[in-house]
Each structure stands twice: as structure tokens, then as C-alpha cells.
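Below is one structure, written out as C-alpha cells, with a few remarks after it.
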Amino acid sequence: MTDALDYYQPPQSDALGLLRMSATASGITEIAFVMEKDAAPRPNEITERARQQLDEYFAGERRDFDLPLAPRGTDFQQRVWEALATIPFGETRNYAEIAEQLRCKGGQRAVGAANGKNPIAIVVPCHRVIGSDGQLTGYAGGIGRKQWLLAHEAGEIPFQLA
């Protein structure tokens, strides 16, 4: 299986825009928000499964993803991303809680940095991490998308992004 590249347009396309999905034979390496298609799609079985599971997620039929993941990052980043994957649908955690889960007391900033480098949006739910004061903090896809995803998971009526 050669490296795959595909695009996914969430049903709420005005709110979220376009997602680019990349995968190797080992699993998904990237799901990222992009402005436009920048290469010809080369889907494979894994990107097709991701497309189906994203459809189910946005339809409110899926809360957990079952996809092989192969993100590229340091050992610490990998540990953070694995911890993010344990945050239940519709719940949030703060950076200090993730650091504590990783037995990295005082490591909120390191967790925040790793969170910001998460290459697999939505499936590895970095949007579920908020500040200690309950405020939404940075999101690589933009705060508006983070708000939308959290509202979607809370069962609130989705809104249009400005």
C-alpha cells in the first residue's frame, strides 16, 4: 500500500471547511484543516475508513474512532496524543490534568506544546483540551472550529463560523 492522500468535506462545510487526510500502510498520519485541495487524491482503505467514521461522527452516530493511527512525533508528543485519545466524547480536560495523567507534574506547557502539534484533528481530540480556568485556548484549526466541535459533542445546535 502506497502513501494515501484524500480530502473530506464535513457536512457542515461552511462551519468547518475542508480536511486533508494522509495515511501510510501503518495508519493515519494526518487529518488537518486546509483551505483547498493541494494535490490529487490517492485514497486507500484507511482513508476510506476514516471518511466513513467521520461521516458517522458528524451525523451524531459515532463517539469513538476505530482507526489505525501513525502520527509522527517525539516520544513525549506520542504520549500526550495517546492521553488525548482517552478524553471521552463530550467531555473536556485541562492541560494540568493531562500532565498529571502522564505523571509530568508541572508539565502543562509541555502538554500544551504537544497538543498544538497534534497532526490528527478530531480523531485525536485535542479540541477537548481547555485552559485551567475553563476558557477555550488555542487550536490549530482555529478557536471557532474548536467551539463548533465542542458544541457538536455537547448536542448543541451548530452555528456558523464568522
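Residues in the C-alpha cells are named by chain (A, B, ... in the order shown) and by number from 1 within that chain; ligands are numbered from 1 in the order shown.
Residues lying within 10 Å of Thr74 (chain A), counting only C-alpha atoms and ignoring same-chain neighbours fewer than 5 positions away, are Arg79, Val80 and Ala114 of chain A.
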I need the chosen residues saved as a PDB file, in the first residue's frame, with C-alpha atoms.
```pdb
ATOM      1  CA  ARG A  79       2.323  10.012  24.997  1.00  0.00           C
ATOM      2  CA  VAL A  80       0.308  13.253  25.030  1.00  0.00           C
ATOM      3  CA  ALA A 114       2.499  18.741  22.203  1.00  0.00           C
TER       4      ALA A 114
END
```
inquiry  = I'd like the contact shell of Asp133 (chain A) - 12 Å cut-off, only C-alpha atoms, skipping same-chain residues fewer than 4 positions apart - returned as number ranges by chain.
reply    = A: 93-96, 129, 137
Since we have the selection now, will you write its residues out, keeping C-alpha atoms, as a PDB file, in the first residue's frame?
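Once written, again39.pdb looks like this:
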```
ATOM      1  CA  ARG A  93      -9.757  18.179  30.277  1.00  0.00           C
ATOM      2  CA  ASN A  94      -7.277  20.932  31.020  1.00  0.00           C
ATOM      3  CA  TYR A  95      -3.558  20.873  30.351  1.00  0.00           C
ATOM      4  CA  ALA A  96      -2.711  20.285  34.032  1.00  0.00           C
ATOM      5  CA  VAL A 129      -8.431  20.356  25.969  1.00  0.00           C
ATOM      6  CA  THR A 137      -7.379  28.093  24.421  1.00  0.00           C
TER       7      THR A 137
END
```
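Of the residues under consideration (A:Gln9, A:Ser132, A:Gln52, A:Thr24), A:Gln52 shows the shortest atom-to-atom contact distance to Phe65 (chain A) when counting only C-alpha atoms.
In terms of minimum interatomic distance to Thr47 (chain A), A:Ala4 ranks closest within A:Phe33, A:Ala4, A:Leu84, A:Ala15, counting only C-alpha atoms.
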Test item, helix (DSSP H, G or I) assignment across chain A, answer as a PDB file with N, CA and C atoms, in the first residue's frame:
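Full text of selection.pdb as output:
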```
ATOM      1  N   SER A  13     -20.016  22.080   5.996  1.00  0.00           N
ATOM      2  CA  SER A  13     -18.821  22.589   5.328  1.00  0.00           C
ATOM      3  C   SER A  13     -18.571  24.074   5.561  1.00  0.00           C
ATOM      4  N   ASP A  14     -19.637  24.864   5.664  1.00  0.00           N
ATOM      5  CA  ASP A  14     -19.425  26.290   5.900  1.00  0.00           C
ATOM      6  C   ASP A  14     -18.748  26.521   7.247  1.00  0.00           C
ATOM      7  N   ALA A  15     -19.097  25.705   8.224  1.00  0.00           N
ATOM      8  CA  ALA A  15     -18.553  25.889   9.564  1.00  0.00           C
ATOM      9  C   ALA A  15     -17.122  25.368   9.689  1.00  0.00           C
ATOM     10  N   LEU A  16     -16.833  24.246   9.075  1.00  0.00           N
ATOM     11  CA  LEU A  16     -15.548  23.587   9.325  1.00  0.00           C
ATOM     12  C   LEU A  16     -14.563  23.643   8.179  1.00  0.00           C
ATOM     13  N   GLU A  45      -7.622   2.103   1.710  1.00  0.00           N
ATOM     14  CA  GLU A  45      -8.600   1.527   2.648  1.00  0.00           C
ATOM     15  C   GLU A  45      -8.693   2.333   3.935  1.00  0.00           C
ATOM     16  N   ILE A  46      -7.552   2.795   4.428  1.00  0.00           N
ATOM     17  CA  ILE A  46      -7.533   3.509   5.714  1.00  0.00           C
ATOM     18  C   ILE A  46      -8.203   4.869   5.590  1.00  0.00           C
ATOM     19  N   THR A  47      -7.928   5.607   4.521  1.00  0.00           N
ATOM     20  CA  THR A  47      -8.588   6.916   4.374  1.00  0.00           C
ATOM     21  C   THR A  47     -10.081   6.726   4.097  1.00  0.00           C
ATOM     22  N   GLU A  48     -10.451   5.646   3.427  1.00  0.00           N
ATOM     23  CA  GLU A  48     -11.879   5.370   3.213  1.00  0.00           C
ATOM     24  C   GLU A  48     -12.573   5.076   4.548  1.00  0.00           C
ATOM     25  N   ARG A  49     -11.913   4.312   5.421  1.00  0.00           N
ATOM     26  CA  ARG A  49     -12.479   4.049   6.751  1.00  0.00           C
ATOM     27  C   ARG A  49     -12.592   5.343   7.541  1.00  0.00           C
ATOM     28  N   ALA A  50     -11.585   6.200   7.433  1.00  0.00           N
ATOM     29  CA  ALA A  50     -11.617   7.491   8.141  1.00  0.00           C
ATOM     30  C   ALA A  50     -12.789   8.329   7.644  1.00  0.00           C
ATOM     31  N   ARG A  51     -12.982   8.345   6.339  1.00  0.00           N
ATOM     32  CA  ARG A  51     -14.098   9.102   5.737  1.00  0.00           C
ATOM     33  C   ARG A  51     -15.426   8.593   6.294  1.00  0.00           C
ATOM     34  N   GLN A  52     -15.612   7.288   6.334  1.00  0.00           N
ATOM     35  CA  GLN A  52     -16.858   6.701   6.834  1.00  0.00           C
ATOM     36  C   GLN A  52     -17.064   7.044   8.311  1.00  0.00           C
ATOM     37  N   GLN A  53     -16.000   6.930   9.112  1.00  0.00           N
ATOM     38  CA  GLN A  53     -16.134   7.204  10.536  1.00  0.00           C
ATOM     39  C   GLN A  53     -16.354   8.688  10.806  1.00  0.00           C
ATOM     40  N   LEU A  54     -15.754   9.562  10.004  1.00  0.00           N
ATOM     41  CA  LEU A  54     -16.014  10.996  10.144  1.00  0.00           C
ATOM     42  C   LEU A  54     -17.471  11.304   9.788  1.00  0.00           C
ATOM     43  N   ASP A  55     -17.992  10.662   8.734  1.00  0.00           N
ATOM     44  CA  ASP A  55     -19.416  10.831   8.395  1.00  0.00           C
ATOM     45  C   ASP A  55     -20.285  10.467   9.599  1.00  0.00           C
ATOM     46  N   GLU A  56     -19.971   9.329  10.237  1.00  0.00           N
ATOM     47  CA  GLU A  56     -20.750   8.869  11.392  1.00  0.00           C
ATOM     48  C   GLU A  56     -20.613   9.842  12.568  1.00  0.00           C
ATOM     49  N   TYR A  57     -19.413  10.360  12.788  1.00  0.00           N
ATOM     50  CA  TYR A  57     -19.173  11.325  13.871  1.00  0.00           C
ATOM     51  C   TYR A  57     -20.027  12.575  13.657  1.00  0.00           C
ATOM     52  N   PHE A  58     -19.987  13.126  12.456  1.00  0.00           N
ATOM     53  CA  PHE A  58     -20.728  14.359  12.198  1.00  0.00           C
ATOM     54  C   PHE A  58     -22.235  14.132  12.163  1.00  0.00           C
ATOM     55  N   ASP A  75       8.650  11.004  21.421  1.00  0.00           N
ATOM     56  CA  ASP A  75       8.052  10.086  22.396  1.00  0.00           C
ATOM     57  C   ASP A  75       7.069  10.824  23.302  1.00  0.00           C
ATOM     58  N   PHE A  76       7.456  12.017  23.769  1.00  0.00           N
ATOM     59  CA  PHE A  76       6.565  12.774  24.646  1.00  0.00           C
ATOM     60  C   PHE A  76       5.287  13.175  23.918  1.00  0.00           C
ATOM     61  N   GLN A  77       5.424  13.659  22.693  1.00  0.00           N
ATOM     62  CA  GLN A  77       4.241  14.026  21.916  1.00  0.00           C
ATOM     63  C   GLN A  77       3.319  12.816  21.745  1.00  0.00           C
ATOM     64  N   GLN A  78       3.893  11.669  21.450  1.00  0.00           N
ATOM     65  CA  GLN A  78       3.101  10.442  21.282  1.00  0.00           C
ATOM     66  C   GLN A  78       2.333  10.128  22.564  1.00  0.00           C
ATOM     67  N   ARG A  79       2.989  10.276  23.716  1.00  0.00           N
ATOM     68  CA  ARG A  79       2.323  10.012  24.997  1.00  0.00           C
ATOM     69  C   ARG A  79       1.166  10.985  25.224  1.00  0.00           C
ATOM     70  N   VAL A  80       1.379  12.260  24.884  1.00  0.00           N
ATOM     71  CA  VAL A  80       0.308  13.253  25.030  1.00  0.00           C
ATOM     72  C   VAL A  80      -0.854  12.898  24.113  1.00  0.00           C
ATOM     73  N   TRP A  81      -0.570  12.565  22.859  1.00  0.00           N
ATOM     74  CA  TRP A  81      -1.632  12.262  21.910  1.00  0.00           C
ATOM     75  C   TRP A  81      -2.407  11.015  22.353  1.00  0.00           C
ATOM     76  N   GLU A  82      -1.708  10.041  22.918  1.00  0.00           N
ATOM     77  CA  GLU A  82      -2.398   8.860  23.448  1.00  0.00           C
ATOM     78  C   GLU A  82      -3.309   9.254  24.609  1.00  0.00           C
ATOM     79  N   ALA A  83      -2.851  10.180  25.449  1.00  0.00           N
ATOM     80  CA  ALA A  83      -3.680  10.649  26.568  1.00  0.00           C
ATOM     81  C   ALA A  83      -4.901  11.405  26.052  1.00  0.00           C
ATOM     82  N   LEU A  84      -4.740  12.197  25.004  1.00  0.00           N
ATOM     83  CA  LEU A  84      -5.870  12.932  24.423  1.00  0.00           C
ATOM     84  C   LEU A  84      -6.948  11.962  23.963  1.00  0.00           C
ATOM     85  N   TYR A  95      -4.946  21.280  30.584  1.00  0.00           N
ATOM     86  CA  TYR A  95      -3.558  20.873  30.351  1.00  0.00           C
ATOM     87  C   TYR A  95      -2.934  20.263  31.601  1.00  0.00           C
ATOM     88  N   ALA A  96      -3.258  20.811  32.778  1.00  0.00           N
ATOM     89  CA  ALA A  96      -2.711  20.285  34.032  1.00  0.00           C
ATOM     90  C   ALA A  96      -3.197  18.855  34.276  1.00  0.00           C
ATOM     91  N   GLU A  97      -4.459  18.583  33.949  1.00  0.00           N
ATOM     92  CA  GLU A  97      -4.988  17.229  34.133  1.00  0.00           C
ATOM     93  C   GLU A  97      -4.284  16.225  33.229  1.00  0.00           C
ATOM     94  N   ILE A  98      -4.006  16.629  32.002  1.00  0.00           N
ATOM     95  CA  ILE A  98      -3.275  15.741  31.082  1.00  0.00           C
ATOM     96  C   ILE A  98      -1.852  15.528  31.600  1.00  0.00           C
ATOM     97  N   ALA A  99      -1.210  16.595  32.052  1.00  0.00           N
ATOM     98  CA  ALA A  99       0.148  16.468  32.599  1.00  0.00           C
ATOM     99  C   ALA A  99       0.161  15.512  33.792  1.00  0.00           C
ATOM    100  N   GLU A 100      -0.825  15.643  34.657  1.00  0.00           N
ATOM    101  CA  GLU A 100      -0.925  14.770  35.824  1.00  0.00           C
ATOM    102  C   GLU A 100      -1.150  13.320  35.402  1.00  0.00           C
ATOM    103  N   GLN A 101      -2.006  13.120  34.407  1.00  0.00           N
ATOM    104  CA  GLN A 101      -2.268  11.773  33.885  1.00  0.00           C
ATOM    105  C   GLN A 101      -0.969  11.132  33.385  1.00  0.00           C
ATOM    106  N   GLN A 108       2.272  21.399  32.256  1.00  0.00           N
ATOM    107  CA  GLN A 108       1.171  21.920  31.447  1.00  0.00           C
ATOM    108  C   GLN A 108       1.648  22.546  30.136  1.00  0.00           C
ATOM    109  N   ARG A 109       2.723  23.321  30.214  1.00  0.00           N
ATOM    110  CA  ARG A 109       3.200  23.983  28.985  1.00  0.00           C
ATOM    111  C   ARG A 109       3.707  22.976  27.964  1.00  0.00           C
ATOM    112  N   ALA A 110       4.408  21.951  28.436  1.00  0.00           N
ATOM    113  CA  ALA A 110       4.895  20.907  27.529  1.00  0.00           C
ATOM    114  C   ALA A 110       3.716  20.159  26.910  1.00  0.00           C
ATOM    115  N   VAL A 111       2.699  19.886  27.723  1.00  0.00           N
ATOM    116  CA  VAL A 111       1.490  19.239  27.213  1.00  0.00           C
ATOM    117  C   VAL A 111       0.825  20.147  26.188  1.00  0.00           C
ATOM    118  N   GLY A 112       0.731  21.434  26.488  1.00  0.00           N
ATOM    119  CA  GLY A 112       0.130  22.381  25.552  1.00  0.00           C
ATOM    120  C   GLY A 112       0.878  22.428  24.226  1.00  0.00           C
ATOM    121  N   ALA A 113       2.201  22.402  24.291  1.00  0.00           N
ATOM    122  CA  ALA A 113       3.003  22.424  23.063  1.00  0.00           C
ATOM    123  C   ALA A 113       2.772  21.164  22.236  1.00  0.00           C
ATOM    124  N   ALA A 114       2.743  20.003  22.914  1.00  0.00           N
ATOM    125  CA  ALA A 114       2.499  18.741  22.203  1.00  0.00           C
ATOM    126  C   ALA A 114       1.085  18.707  21.640  1.00  0.00           C
ATOM    127  N   ASN A 115       0.135  19.210  22.413  1.00  0.00           N
ATOM    128  CA  ASN A 115      -1.255  19.268  21.977  1.00  0.00           C
ATOM    129  C   ASN A 115      -1.359  20.093  20.692  1.00  0.00           C
ATOM    130  N   GLY A 116      -0.652  21.203  20.650  1.00  0.00           N
ATOM    131  CA  GLY A 116      -0.672  22.081  19.486  1.00  0.00           C
ATOM    132  C   GLY A 116      -0.048  21.469  18.248  1.00  0.00           C
ATOM    133  N   CYS A 126      -7.782  16.815  20.345  1.00  0.00           N
ATOM    134  CA  CYS A 126      -7.115  17.927  21.022  1.00  0.00           C
ATOM    135  C   CYS A 126      -8.079  19.090  21.250  1.00  0.00           C
ATOM    136  N   HIS A 127      -9.198  19.112  20.524  1.00  0.00           N
ATOM    137  CA  HIS A 127     -10.196  20.170  20.726  1.00  0.00           C
ATOM    138  C   HIS A 127     -10.857  20.053  22.099  1.00  0.00           C
ATOM    139  N   ARG A 128     -10.707  18.914  22.765  1.00  0.00           N
ATOM    140  CA  ARG A 128     -11.316  18.700  24.086  1.00  0.00           C
ATOM    141  C   ARG A 128     -10.445  19.202  25.229  1.00  0.00           C
ATOM    142  N   ILE A 143     -10.014  28.802  16.873  1.00  0.00           N
ATOM    143  CA  ILE A 143     -10.917  28.734  18.032  1.00  0.00           C
ATOM    144  C   ILE A 143     -12.367  28.508  17.602  1.00  0.00           C
ATOM    145  N   GLY A 144     -12.784  29.098  16.490  1.00  0.00           N
ATOM    146  CA  GLY A 144     -14.149  28.905  16.014  1.00  0.00           C
ATOM    147  C   GLY A 144     -14.460  27.445  15.741  1.00  0.00           C
ATOM    148  N   ARG A 145     -13.524  26.735  15.137  1.00  0.00           N
ATOM    149  CA  ARG A 145     -13.731  25.307  14.876  1.00  0.00           C
ATOM    150  C   ARG A 145     -13.767  24.527  16.194  1.00  0.00           C
ATOM    151  N   LYS A 146     -12.902  24.915  17.126  1.00  0.00           N
ATOM    152  CA  LYS A 146     -12.896  24.244  18.436  1.00  0.00           C
ATOM    153  C   LYS A 146     -14.254  24.428  19.113  1.00  0.00           C
ATOM    154  N   GLN A 147     -14.768  25.651  19.093  1.00  0.00           N
ATOM    155  CA  GLN A 147     -16.093  25.925  19.673  1.00  0.00           C
ATOM    156  C   GLN A 147     -17.151  25.064  19.006  1.00  0.00           C
ATOM    157  N   TRP A 148     -17.107  24.994  17.674  1.00  0.00           N
ATOM    158  CA  TRP A 148     -18.098  24.235  16.933  1.00  0.00           C
ATOM    159  C   TRP A 148     -18.035  22.757  17.318  1.00  0.00           C
ATOM    160  N   LEU A 149     -16.820  22.191  17.360  1.00  0.00           N
ATOM    161  CA  LEU A 149     -16.672  20.764  17.683  1.00  0.00           C
ATOM    162  C   LEU A 149     -17.169  20.465  19.096  1.00  0.00           C
ATOM    163  N   LEU A 150     -16.843  21.320  20.048  1.00  0.00           N
ATOM    164  CA  LEU A 150     -17.317  21.118  21.421  1.00  0.00           C
ATOM    165  C   LEU A 150     -18.841  21.251  21.496  1.00  0.00           C
ATOM    166  N   ALA A 151     -19.406  22.213  20.758  1.00  0.00           N
ATOM    167  CA  ALA A 151     -20.862  22.371  20.732  1.00  0.00           C
ATOM    168  C   ALA A 151     -21.518  21.150  20.080  1.00  0.00           C
ATOM    169  N   HIS A 152     -20.918  20.652  19.027  1.00  0.00           N
ATOM    170  CA  HIS A 152     -21.426  19.438  18.354  1.00  0.00           C
ATOM    171  C   HIS A 152     -21.465  18.272  19.334  1.00  0.00           C
ATOM    172  N   GLU A 153     -20.381  18.086  20.075  1.00  0.00           N
ATOM    173  CA  GLU A 153     -20.307  16.970  21.014  1.00  0.00           C
ATOM    174  C   GLU A 153     -21.243  17.159  22.208  1.00  0.00           C
TER     175      GLU A 153
END
```
query = Mind checking DSSP for chain A and telling me the strand (DSSP E or B) residues as an NGL selection string?
reply = :A and (4-8 or 18-23 or 28-34 or 42 or 69 or 93-94 or 120 or 129-130)
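Residues lying within 8 Å of Ser26 (chain A), counting only C-alpha atoms and ignoring same-chain neighbours fewer than 5 positions away, are Pro68, Leu69 and Ala70 of chain A.
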